[in-house]
>>> print(open('start_26.txt').read())   # compact mmCIF, C-alpha atoms and all ligand atoms
# COMPACT_ATOMS: atom_id res chain seq x y z
CA MET T 75 -26.73 -35.84 6.90
CA ASN T 76 -24.93 -39.12 6.87
CA GLU T 77 -24.32 -40.39 10.40
CA VAL T 78 -21.72 -42.89 9.28
CA THR T 79 -19.73 -40.17 7.57
CA ASN T 80 -20.02 -37.95 10.63
CA LYS T 81 -18.55 -40.66 12.80
CA TYR T 82 -15.80 -41.33 10.32
CA LEU T 83 -14.75 -37.68 10.04
CA THR T 84 -14.95 -37.19 13.80
CA ASN T 85 -12.49 -40.01 14.14
CA VAL T 86 -10.23 -38.56 11.47
CA LEU T 87 -10.15 -35.18 13.22
CA LYS T 88 -9.63 -36.65 16.66
CA HIS T 89 -6.65 -38.70 15.60
CA ASN T 90 -5.19 -36.14 13.29
CA LYS T 91 -5.51 -38.44 10.33
CA LEU T 92 -6.59 -35.92 7.73
CA SER T 93 -6.02 -36.98 4.13
CA HIS T 94 -4.47 -34.75 1.51
CA ALA T 95 -7.53 -34.88 -0.69
CA TYR T 96 -11.23 -35.48 -0.18
CA MET T 97 -14.03 -35.89 -2.65
CA PHE T 98 -17.41 -35.11 -1.15
CA VAL T 99 -20.18 -36.82 -3.09
CA GLY T 100 -23.88 -36.18 -2.65
CA THR T 101 -27.18 -35.64 -4.38
CA ASN T 102 -27.78 -32.04 -3.39
CA ASN T 103 -25.40 -29.09 -3.75
CA ASP T 104 -26.70 -27.14 -0.75
CA GLU T 105 -26.23 -30.15 1.46
CA ILE T 106 -22.71 -30.72 0.17
CA ASP T 107 -21.80 -27.04 0.62
CA GLU T 108 -23.01 -27.01 4.19
CA TYR T 109 -21.13 -30.18 4.94
CA VAL T 110 -17.87 -28.94 3.46
CA LEU T 111 -18.10 -25.70 5.44
CA SER T 112 -18.72 -27.64 8.66
CA PHE T 113 -15.71 -29.80 7.94
CA VAL T 114 -13.43 -26.87 7.13
CA LYS T 115 -14.59 -25.02 10.25
CA ALA T 116 -13.98 -28.11 12.38
CA ILE T 117 -10.42 -28.23 11.06
CA CYS T 118 -9.74 -24.53 11.59
CA CYS T 119 -11.97 -23.37 14.47
CA GLU T 120 -10.02 -21.70 17.27
CA ASN T 121 -12.20 -23.28 19.94
CA ASN T 122 -12.36 -26.86 18.74
CA ASP T 123 -10.12 -28.06 21.55
CA ASN T 124 -11.38 -31.62 21.50
CA LYS T 125 -10.67 -31.83 17.81
CA SER T 126 -14.07 -33.30 17.09
CA PHE T 127 -16.45 -32.58 14.22
CA TYR T 128 -17.37 -29.29 15.86
CA SER T 129 -17.08 -25.56 15.22
CA CYS T 130 -17.95 -22.78 17.67
CA GLU T 131 -19.35 -20.40 14.99
CA ASN T 132 -18.17 -17.50 17.12
CA CYS T 133 -14.44 -17.23 16.71
CA LYS T 134 -12.90 -15.02 14.06
CA THR T 135 -11.97 -18.00 11.92
CA CYS T 136 -15.45 -19.54 11.94
CA LYS T 137 -16.98 -16.20 11.03
CA GLN T 138 -14.52 -15.62 8.22
CA ILE T 139 -15.08 -19.09 6.79
CA ASN T 140 -18.83 -18.47 6.83
CA LYS T 141 -18.26 -15.28 4.87
CA ASN T 142 -15.83 -16.90 2.45
CA ASN T 143 -12.98 -14.66 3.40
CA TYR T 144 -10.69 -16.82 5.47
CA ILE T 145 -7.17 -16.39 4.20
CA ASP T 146 -6.18 -20.07 4.17
CA PHE T 147 -9.37 -21.31 2.53
CA LEU T 148 -9.61 -20.99 -1.25
CA ILE T 149 -12.70 -21.69 -3.30
CA PHE T 150 -12.83 -22.31 -7.04
CA GLY T 151 -15.68 -23.09 -9.41
CA GLU T 152 -18.28 -21.13 -7.50
CA LYS T 153 -19.87 -19.54 -10.54
CA GLU T 154 -18.25 -21.01 -13.62
CA SER T 155 -16.71 -24.37 -14.37
CA ILE T 156 -13.08 -24.77 -13.37
CA LYS T 157 -10.63 -24.06 -16.15
CA LYS T 158 -6.92 -24.47 -16.58
CA GLN T 159 -6.27 -20.88 -15.53
CA ASP T 160 -7.95 -21.60 -12.18
CA ILE T 161 -5.54 -24.44 -11.55
CA ILE T 162 -2.61 -22.21 -12.51
CA ASN T 163 -3.88 -19.65 -9.99
CA LEU T 164 -4.36 -22.39 -7.43
CA LYS T 165 -0.81 -23.60 -7.89
CA GLN T 166 0.47 -20.11 -7.33
CA GLU T 167 -1.59 -19.75 -4.16
CA LEU T 168 -0.32 -23.08 -2.88
CA SER T 169 3.28 -22.05 -3.34
CA VAL T 170 2.75 -19.60 -0.47
CA LYS T 171 2.66 -21.21 2.96
CA ALA T 172 -0.50 -21.17 5.05
CA VAL T 173 -0.78 -18.06 7.19
CA VAL T 174 -2.26 -19.80 10.21
CA ASN T 175 -2.11 -23.54 10.03
CA LYS T 176 -3.39 -25.49 7.06
CA LYS T 177 -4.22 -24.35 3.60
CA ILE T 178 -7.47 -25.80 2.31
CA TYR T 179 -8.76 -25.45 -1.22
CA TRP T 180 -12.19 -26.35 -2.44
CA LEU T 181 -12.95 -27.16 -6.07
CA LYS T 182 -16.69 -27.09 -6.59
CA ASN T 183 -18.59 -29.14 -9.15
CA ILE T 184 -15.48 -31.00 -10.14
CA ASP T 185 -17.51 -32.97 -12.70
CA ASN T 186 -17.59 -29.73 -14.70
CA VAL T 187 -13.85 -29.28 -14.91
CA THR T 188 -12.23 -29.03 -18.34
CA LYS T 189 -9.95 -31.88 -19.32
CA GLN T 190 -6.89 -29.64 -19.34
CA ALA T 191 -7.69 -28.38 -15.87
CA ALA T 192 -8.27 -31.93 -14.63
CA ASN T 193 -4.87 -33.00 -15.88
CA SER T 194 -3.12 -30.06 -14.22
CA LEU T 195 -5.01 -30.76 -11.03
CA LEU T 196 -3.93 -34.39 -11.13
CA LYS T 197 -0.31 -33.27 -11.07
CA ILE T 198 -0.96 -31.28 -7.92
CA LEU T 199 -2.77 -34.17 -6.26
CA GLU T 200 -0.02 -36.58 -7.20
CA GLU T 201 2.47 -34.61 -5.14
CA PRO T 202 0.63 -33.99 -1.89
CA GLU T 203 2.19 -31.59 0.57
CA ASP T 204 1.82 -31.42 4.31
CA ASN T 205 -0.62 -28.84 5.56
CA ILE T 206 -2.49 -28.63 2.28
CA ILE T 207 -5.90 -30.22 1.99
CA ALA T 208 -7.87 -30.52 -1.23
CA ILE T 209 -11.64 -30.76 -1.21
CA LEU T 210 -13.42 -31.69 -4.42
CA THR T 211 -17.20 -31.82 -4.55
CA THR T 212 -19.70 -33.24 -6.99
CA THR T 213 -23.26 -34.38 -7.46
CA ASN T 214 -22.33 -36.27 -10.61
CA VAL T 215 -19.63 -38.75 -9.88
CA MET T 216 -20.09 -40.56 -13.21
CA ALA T 217 -18.62 -37.61 -15.06
CA ILE T 218 -15.35 -37.61 -13.16
CA MET T 219 -12.10 -39.13 -14.41
CA ASP T 220 -11.18 -42.32 -12.55
CA THR T 221 -7.69 -41.02 -11.95
CA LEU T 222 -9.07 -38.02 -10.07
CA ILE T 223 -11.31 -40.18 -7.92
CA SER T 224 -8.48 -42.51 -7.09
CA ARG T 225 -6.42 -39.64 -5.64
CA CYS T 226 -9.11 -38.75 -3.12
CA GLN T 227 -10.69 -40.13 -0.03
CA VAL T 228 -14.33 -40.35 -1.06
CA ILE T 229 -16.90 -39.10 1.44
CA ASN T 230 -20.62 -39.76 1.05
CA VAL T 231 -22.48 -36.72 2.26
CA THR T 232 -26.06 -37.72 1.65
CA GLY T 233 -27.56 -39.67 4.48
CA SER T 234 -29.34 -42.72 3.24
CA VAL T 235 -30.01 -45.10 6.10
CA ASN T 236 -29.37 -43.71 9.53
CA ASP T 237 -31.32 -46.03 11.72
CA ASP T 238 -30.33 -49.57 12.45
CA LEU T 239 -31.92 -52.29 10.46
CA ASP T 240 -34.92 -53.99 11.96
CA GLU T 241 -35.63 -57.68 11.93
CA SER T 242 -37.94 -57.63 8.94
CA ILE T 243 -35.06 -56.76 6.70
CA SER T 244 -32.92 -59.78 7.48
CA GLU T 245 -34.95 -61.83 5.02
CA MET T 246 -33.89 -59.43 2.31
CA LYS T 247 -30.28 -60.16 3.17
CA VAL T 248 -30.78 -63.67 1.86
CA PHE T 249 -32.11 -62.34 -1.46
CA ILE T 250 -29.23 -59.96 -1.86
CA ARG T 251 -26.64 -62.58 -0.99
CA GLU T 252 -28.16 -64.91 -3.52
CA PHE T 253 -28.22 -62.15 -6.11
CA LEU T 254 -24.56 -61.28 -5.51
CA ARG T 255 -23.56 -64.91 -5.73
CA LYS T 256 -25.30 -65.38 -9.07
CA TYR T 257 -24.15 -62.01 -10.37
CA LYS T 258 -20.56 -63.20 -10.14
CA THR T 259 -21.06 -65.91 -12.73
CA ASN T 260 -24.00 -64.75 -14.82
CA LYS T 261 -25.18 -61.16 -14.52
CA ASN T 262 -28.26 -61.56 -16.72
CA LEU T 263 -29.51 -64.63 -14.92
CA ALA T 264 -28.97 -62.93 -11.59
CA ALA T 265 -31.03 -59.98 -12.80
CA ILE T 266 -33.91 -62.12 -14.07
CA ASP T 267 -33.91 -64.09 -10.85
CA LEU T 268 -34.01 -61.00 -8.65
CA LEU T 269 -36.74 -59.31 -10.68
CA GLU T 270 -38.72 -62.52 -10.44
CA LYS T 271 -38.49 -62.47 -6.65
CA LEU T 272 -38.97 -58.80 -5.87
CA LYS T 273 -42.22 -57.51 -7.26
CA ASN T 274 -43.89 -55.37 -4.64
CA LYS T 275 -42.97 -51.91 -3.44
CA GLU T 276 -42.27 -52.92 0.13
CA ASP T 277 -39.69 -55.52 -0.89
CA ILE T 278 -38.03 -53.24 -3.39
CA GLU T 279 -37.79 -50.50 -0.78
CA LYS T 280 -36.17 -52.97 1.58
CA PHE T 281 -33.76 -54.00 -1.14
CA PHE T 282 -32.48 -50.46 -1.62
CA LYS T 283 -32.52 -49.71 2.08
CA LEU T 284 -30.26 -52.65 2.73
CA MET T 285 -28.02 -51.91 -0.25
CA LEU T 286 -27.50 -48.36 0.99
CA PHE T 287 -26.96 -49.57 4.53
CA TYR T 288 -23.98 -51.63 3.40
CA LEU T 289 -22.69 -49.08 0.93
CA ASP T 290 -22.76 -46.36 3.60
CA ARG T 291 -20.52 -48.43 5.77
CA LEU T 292 -17.93 -49.23 3.15
CA ARG T 293 -14.61 -47.45 3.26
CA VAL T 294 -13.01 -48.37 0.02
CA ASN T 295 -9.32 -47.78 -0.34
CA ASP T 296 -8.77 -49.95 -3.36
CA ASN T 297 -8.63 -47.69 -6.40
CA ASN T 298 -9.85 -50.42 -8.71
CA ILE T 299 -13.22 -50.68 -7.06
CA ILE T 300 -13.92 -47.09 -6.03
CA LYS T 301 -15.59 -46.31 -9.34
CA ASP T 302 -17.83 -49.38 -9.16
CA MET T 303 -18.70 -48.56 -5.59
CA LEU T 304 -19.63 -45.00 -6.50
CA ILE T 305 -21.72 -46.06 -9.47
CA ILE T 306 -23.74 -48.43 -7.33
CA TYR T 307 -23.98 -45.90 -4.55
CA SER T 308 -25.29 -43.10 -6.71
CA GLU T 309 -27.63 -45.43 -8.62
CA ALA T 310 -29.02 -46.75 -5.34
CA LEU T 311 -29.49 -43.21 -4.05
CA SER T 312 -31.35 -42.13 -7.15
CA ALA T 313 -33.47 -45.30 -6.96
CA LYS T 314 -34.38 -44.38 -3.41
CA LYS T 315 -35.33 -40.90 -4.58
CA SER T 316 -37.50 -42.29 -7.40
CA LEU T 317 -39.25 -44.62 -4.96
CA GLU T 318 -40.10 -41.64 -2.80
CA MET T 319 -41.50 -39.93 -5.87
CA ASN T 320 -43.76 -42.91 -6.54
CA VAL T 321 -42.18 -44.11 -9.75
CA ALA T 322 -43.18 -47.73 -10.43
CA PRO T 323 -40.96 -49.83 -8.12
CA VAL T 324 -40.37 -52.66 -10.58
CA LEU T 325 -39.19 -50.16 -13.18
CA ILE T 326 -36.79 -48.66 -10.69
CA LEU T 327 -35.31 -52.02 -9.80
CA GLU T 328 -35.03 -53.00 -13.48
CA ASN T 329 -33.33 -49.75 -14.27
CA PHE T 330 -30.90 -50.17 -11.38
CA ILE T 331 -29.88 -53.69 -12.34
CA PHE T 332 -29.71 -52.79 -16.02
CA LYS T 333 -27.26 -49.97 -15.30
CA LEU T 334 -25.01 -52.20 -13.21
CA ILE T 335 -24.87 -54.72 -16.04
CA LEU T 336 -24.43 -52.08 -18.72
CA ARG T 337 -21.46 -50.60 -16.89
CA ASP T 338 -20.13 -54.04 -16.17
CA CYS T 339 -19.88 -53.27 -12.47
CA ASN T 340 -18.05 -55.69 -10.29
CA LEU T 341 -19.90 -56.27 -7.02
CA ASP T 342 -17.42 -58.60 -5.37
CA PHE T 343 -16.49 -56.01 -2.77
CA LEU T 344 -20.02 -55.94 -1.42
CA GLU T 345 -20.35 -58.29 1.50
CA VAL T 346 -23.83 -58.72 2.84
ZN ZN T 401 -14.79 -21.28 15.85
>>> encode(input="start_26.txt", output="structure tokens")
Amino acid sequence: MNEVTNKYLTNVLKHNKLSHAYMFVGTNNDEIDEYVLSFVKAICCENNDNKSFYSCENCKTCKQINKNNYIDFLIFGEKESIKKQDIINLKQELSVKAVVNKKIYWLKNIDNVTKQAANSLLKILEEPEDNIIAILTTTNVMAIMDTLISRCQVINVTGSVNDDLDESISEMKVFIREFLRKYKTNKNLAAIDLLEKLKNKEDIEKFFKLMLFYLDRLRVNDNNIIKDMLIIYSEALSAKKSLEMNVAPVLILENFIFKLILRDCNLDFLEV
């Protein structure tokens, strides 16, 4: 679980600031599913009087959501990839008002959507309606059209760094700052320089820990940089995973930097 995301969504619920569309991004489908259900229950639960990120699990609504048969909660893409016909069905469902309060629809594995379906979906997202909330989920953000991403509030589900940073990491800040500064003018030089400096596992772990710490705390609303942010975020997450699986640290760092350069990522938004 991502503590930063929890806090953010708690705030959203408390102040009634729900967006029309969310994209939940993570590395594990079970984790994403659980998170989405918690979120939907928190929105709909009959006993969530404080409007926090909470659900009682006992009311009729909570129970129905857990069993996937709550009338105002629609799920698509559970078994097969989402096709145009699904979006046509969705549109029809949305033309009927919510029975209780809000209508929420969940499109699973949105990276798997056909192009036709994605385009029809875009039209729906471009004309948001009150009391309708879209939830899109994915473990593969690279495969998603930029235009779809830009219509959604992106939520990182996977927890990466929950604890506060200790002192020993502040040194790494200097390296990262230096790297970002050089990256602006000459990406290749910045890469060579960083790889020269970070050679042992401990340092490379710190590097990714710090990167994820800052990325977790970013709330990007600028459509132009969301894609870059997500690329770095998912690359950093998979680097962290590889480190845990004892892949050679230098290789992981090389691979990470190489991908940023290959995709021509802009890192200007990252302030360390
Ligand atoms: Zn409840």
>>> closest_atom_pairs(input="start_26.txt", of="chain T", to="ligand ZN 401 (chain T)", cutoff="9 Å", atoms="only C-alpha atoms and all ligand atoms", output="JSON lines")
{"residue": "T:Lys115", "atom": "CA", "partner": "T:ZN401", "partner_atom": "ZN", "distance": 6.7}
{"residue": "T:Ala116", "atom": "CA", "partner": "T:ZN401", "partner_atom": "ZN", "distance": 7.7}
{"residue": "T:Cys118", "atom": "CA", "partner": "T:ZN401", "partner_atom": "ZN", "distance": 7.4}
{"residue": "T:Cys119", "atom": "CA", "partner": "T:ZN401", "partner_atom": "ZN", "distance": 3.8}
{"residue": "T:Glu120", "atom": "CA", "partner": "T:ZN401", "partner_atom": "ZN", "distance": 5.0}
{"residue": "T:Asn121", "atom": "CA", "partner": "T:ZN401", "partner_atom": "ZN", "distance": 5.2}
{"residue": "T:Asn122", "atom": "CA", "partner": "T:ZN401", "partner_atom": "ZN", "distance": 6.7}
{"residue": "T:Tyr128", "atom": "CA", "partner": "T:ZN401", "partner_atom": "ZN", "distance": 8.4}
{"residue": "T:Ser129", "atom": "CA", "partner": "T:ZN401", "partner_atom": "ZN", "distance": 4.9}
{"residue": "T:Cys130", "atom": "CA", "partner": "T:ZN401", "partner_atom": "ZN", "distance": 3.9}
{"residue": "T:Glu131", "atom": "CA", "partner": "T:ZN401", "partner_atom": "ZN", "distance": 4.7}
{"residue": "T:Asn132", "atom": "CA", "partner": "T:ZN401", "partner_atom": "ZN", "distance": 5.2}
{"residue": "T:Cys133", "atom": "CA", "partner": "T:ZN401", "partner_atom": "ZN", "distance": 4.2}
{"residue": "T:Lys134", "atom": "CA", "partner": "T:ZN401", "partner_atom": "ZN", "distance": 6.8}
{"residue": "T:Thr135", "atom": "CA", "partner": "T:ZN401", "partner_atom": "ZN", "distance": 5.8}
{"residue": "T:Cys136", "atom": "CA", "partner": "T:ZN401", "partner_atom": "ZN", "distance": 4.3}
{"residue": "T:Lys137", "atom": "CA", "partner": "T:ZN401", "partner_atom": "ZN", "distance": 7.3}
>>> atom_distance(input="start_26.txt", atom1="CA of Leu148 (chain T)", atom2="CA of Glu108 (chain T)")
15.7 Å
>>> closest_residue(input="start_26.txt", among="T:Val321, T:Ala95, T:Val346, T:Leu210", to="Val248 (chain T)", atoms="all atoms listed in the file")
T:Val346
>>> residues_around(input="start_26.txt", residues="Arg255 (chain T)", least_positions_apart="4", cutoff="12 Å", atoms="only C-alpha atoms", output="PyMOL selection string")
chain T and resi 248-251+259-261+263-265+267-268+340-346
>>> axis_aligned_box(input="start_26.txt", around="region 262-281 of chain T", padding_each_side="4 Å", output="lines of an AutoDock Vina configuration file")
center_x = -36.1
center_y = -57.6
center_z = -7.6
size_x = 23.6
size_y = 22.1
size_z = 26.3
>>> build_atoms(input="start_26.txt", residues="region 156-172 of chain T", atoms="N, CA, C and O atoms", output="mmCIF file, in the coordinates of the input")
data_model
loop_
_atom_site.group_PDB
_atom_site.id
_atom_site.type_symbol
_atom_site.label_atom_id
_atom_site.label_comp_id
_atom_site.auth_asym_id
_atom_site.auth_seq_id
_atom_site.Cartn_x
_atom_site.Cartn_y
_atom_site.Cartn_z
ATOM 1 N N ILE T 156 -14.498 -24.989 -13.630
ATOM 2 C CA ILE T 156 -13.080 -24.770 -13.370
ATOM 3 C C ILE T 156 -12.262 -24.984 -14.636
ATOM 4 O O ILE T 156 -12.397 -25.994 -15.310
ATOM 5 N N LYS T 157 -11.437 -23.986 -14.931
ATOM 6 C CA LYS T 157 -10.630 -24.060 -16.150
ATOM 7 C C LYS T 157 -9.149 -24.121 -15.794
ATOM 8 O O LYS T 157 -8.784 -23.975 -14.624
ATOM 9 N N LYS T 158 -8.346 -24.303 -16.825
ATOM 10 C CA LYS T 158 -6.920 -24.470 -16.580
ATOM 11 C C LYS T 158 -6.332 -23.277 -15.827
ATOM 12 O O LYS T 158 -5.500 -23.435 -14.939
ATOM 13 N N GLN T 159 -6.798 -22.085 -16.186
ATOM 14 C CA GLN T 159 -6.270 -20.880 -15.530
ATOM 15 C C GLN T 159 -6.527 -20.924 -14.014
ATOM 16 O O GLN T 159 -5.697 -20.473 -13.228
ATOM 17 N N ASP T 160 -7.655 -21.482 -13.621
ATOM 18 C CA ASP T 160 -7.950 -21.600 -12.180
ATOM 19 C C ASP T 160 -6.894 -22.466 -11.492
ATOM 20 O O ASP T 160 -6.468 -22.173 -10.378
ATOM 21 N N ILE T 161 -6.515 -23.536 -12.166
ATOM 22 C CA ILE T 161 -5.540 -24.440 -11.550
ATOM 23 C C ILE T 161 -4.160 -23.781 -11.508
ATOM 24 O O ILE T 161 -3.397 -23.961 -10.558
ATOM 25 N N ILE T 162 -3.871 -22.973 -12.530
ATOM 26 C CA ILE T 162 -2.610 -22.210 -12.510
ATOM 27 C C ILE T 162 -2.620 -21.248 -11.318
ATOM 28 O O ILE T 162 -1.654 -21.158 -10.555
ATOM 29 N N ASN T 163 -3.749 -20.564 -11.139
ATOM 30 C CA ASN T 163 -3.880 -19.650 -9.990
ATOM 31 C C ASN T 163 -3.759 -20.417 -8.674
ATOM 32 O O ASN T 163 -3.106 -19.959 -7.733
ATOM 33 N N LEU T 164 -4.405 -21.575 -8.641
ATOM 34 C CA LEU T 164 -4.360 -22.390 -7.430
ATOM 35 C C LEU T 164 -2.925 -22.755 -7.086
ATOM 36 O O LEU T 164 -2.485 -22.630 -5.942
ATOM 37 N N LYS T 165 -2.193 -23.178 -8.111
ATOM 38 C CA LYS T 165 -0.810 -23.600 -7.890
ATOM 39 C C LYS T 165 0.020 -22.459 -7.299
ATOM 40 O O LYS T 165 0.827 -22.660 -6.389
ATOM 41 N N GLN T 166 -0.245 -21.281 -7.820
ATOM 42 C CA GLN T 166 0.470 -20.110 -7.330
ATOM 43 C C GLN T 166 0.135 -19.856 -5.850
ATOM 44 O O GLN T 166 1.017 -19.601 -5.039
ATOM 45 N N GLU T 167 -1.144 -19.954 -5.548
ATOM 46 C CA GLU T 167 -1.590 -19.750 -4.160
ATOM 47 C C GLU T 167 -0.950 -20.786 -3.228
ATOM 48 O O GLU T 167 -0.588 -20.482 -2.098
ATOM 49 N N LEU T 168 -0.838 -22.011 -3.728
ATOM 50 C CA LEU T 168 -0.320 -23.080 -2.880
ATOM 51 C C LEU T 168 1.186 -22.965 -2.655
ATOM 52 O O LEU T 168 1.730 -23.560 -1.729
ATOM 53 N N SER T 169 1.841 -22.202 -3.513
ATOM 54 C CA SER T 169 3.280 -22.050 -3.340
ATOM 55 C C SER T 169 3.594 -21.144 -2.143
ATOM 56 O O SER T 169 4.714 -21.103 -1.657
ATOM 57 N N VAL T 170 2.578 -20.430 -1.670
ATOM 58 C CA VAL T 170 2.750 -19.600 -0.470
ATOM 59 C C VAL T 170 2.247 -20.396 0.734
ATOM 60 O O VAL T 170 1.168 -20.983 0.689
ATOM 61 N N LYS T 171 3.038 -20.429 1.774
ATOM 62 C CA LYS T 171 2.660 -21.210 2.960
ATOM 63 C C LYS T 171 1.378 -20.689 3.619
ATOM 64 O O LYS T 171 1.045 -19.518 3.502
ATOM 65 N N ALA T 172 0.705 -21.578 4.323
ATOM 66 C CA ALA T 172 -0.500 -21.170 5.050
ATOM 67 C C ALA T 172 -0.152 -20.103 6.071
ATOM 68 O O ALA T 172 0.909 -20.157 6.686
#
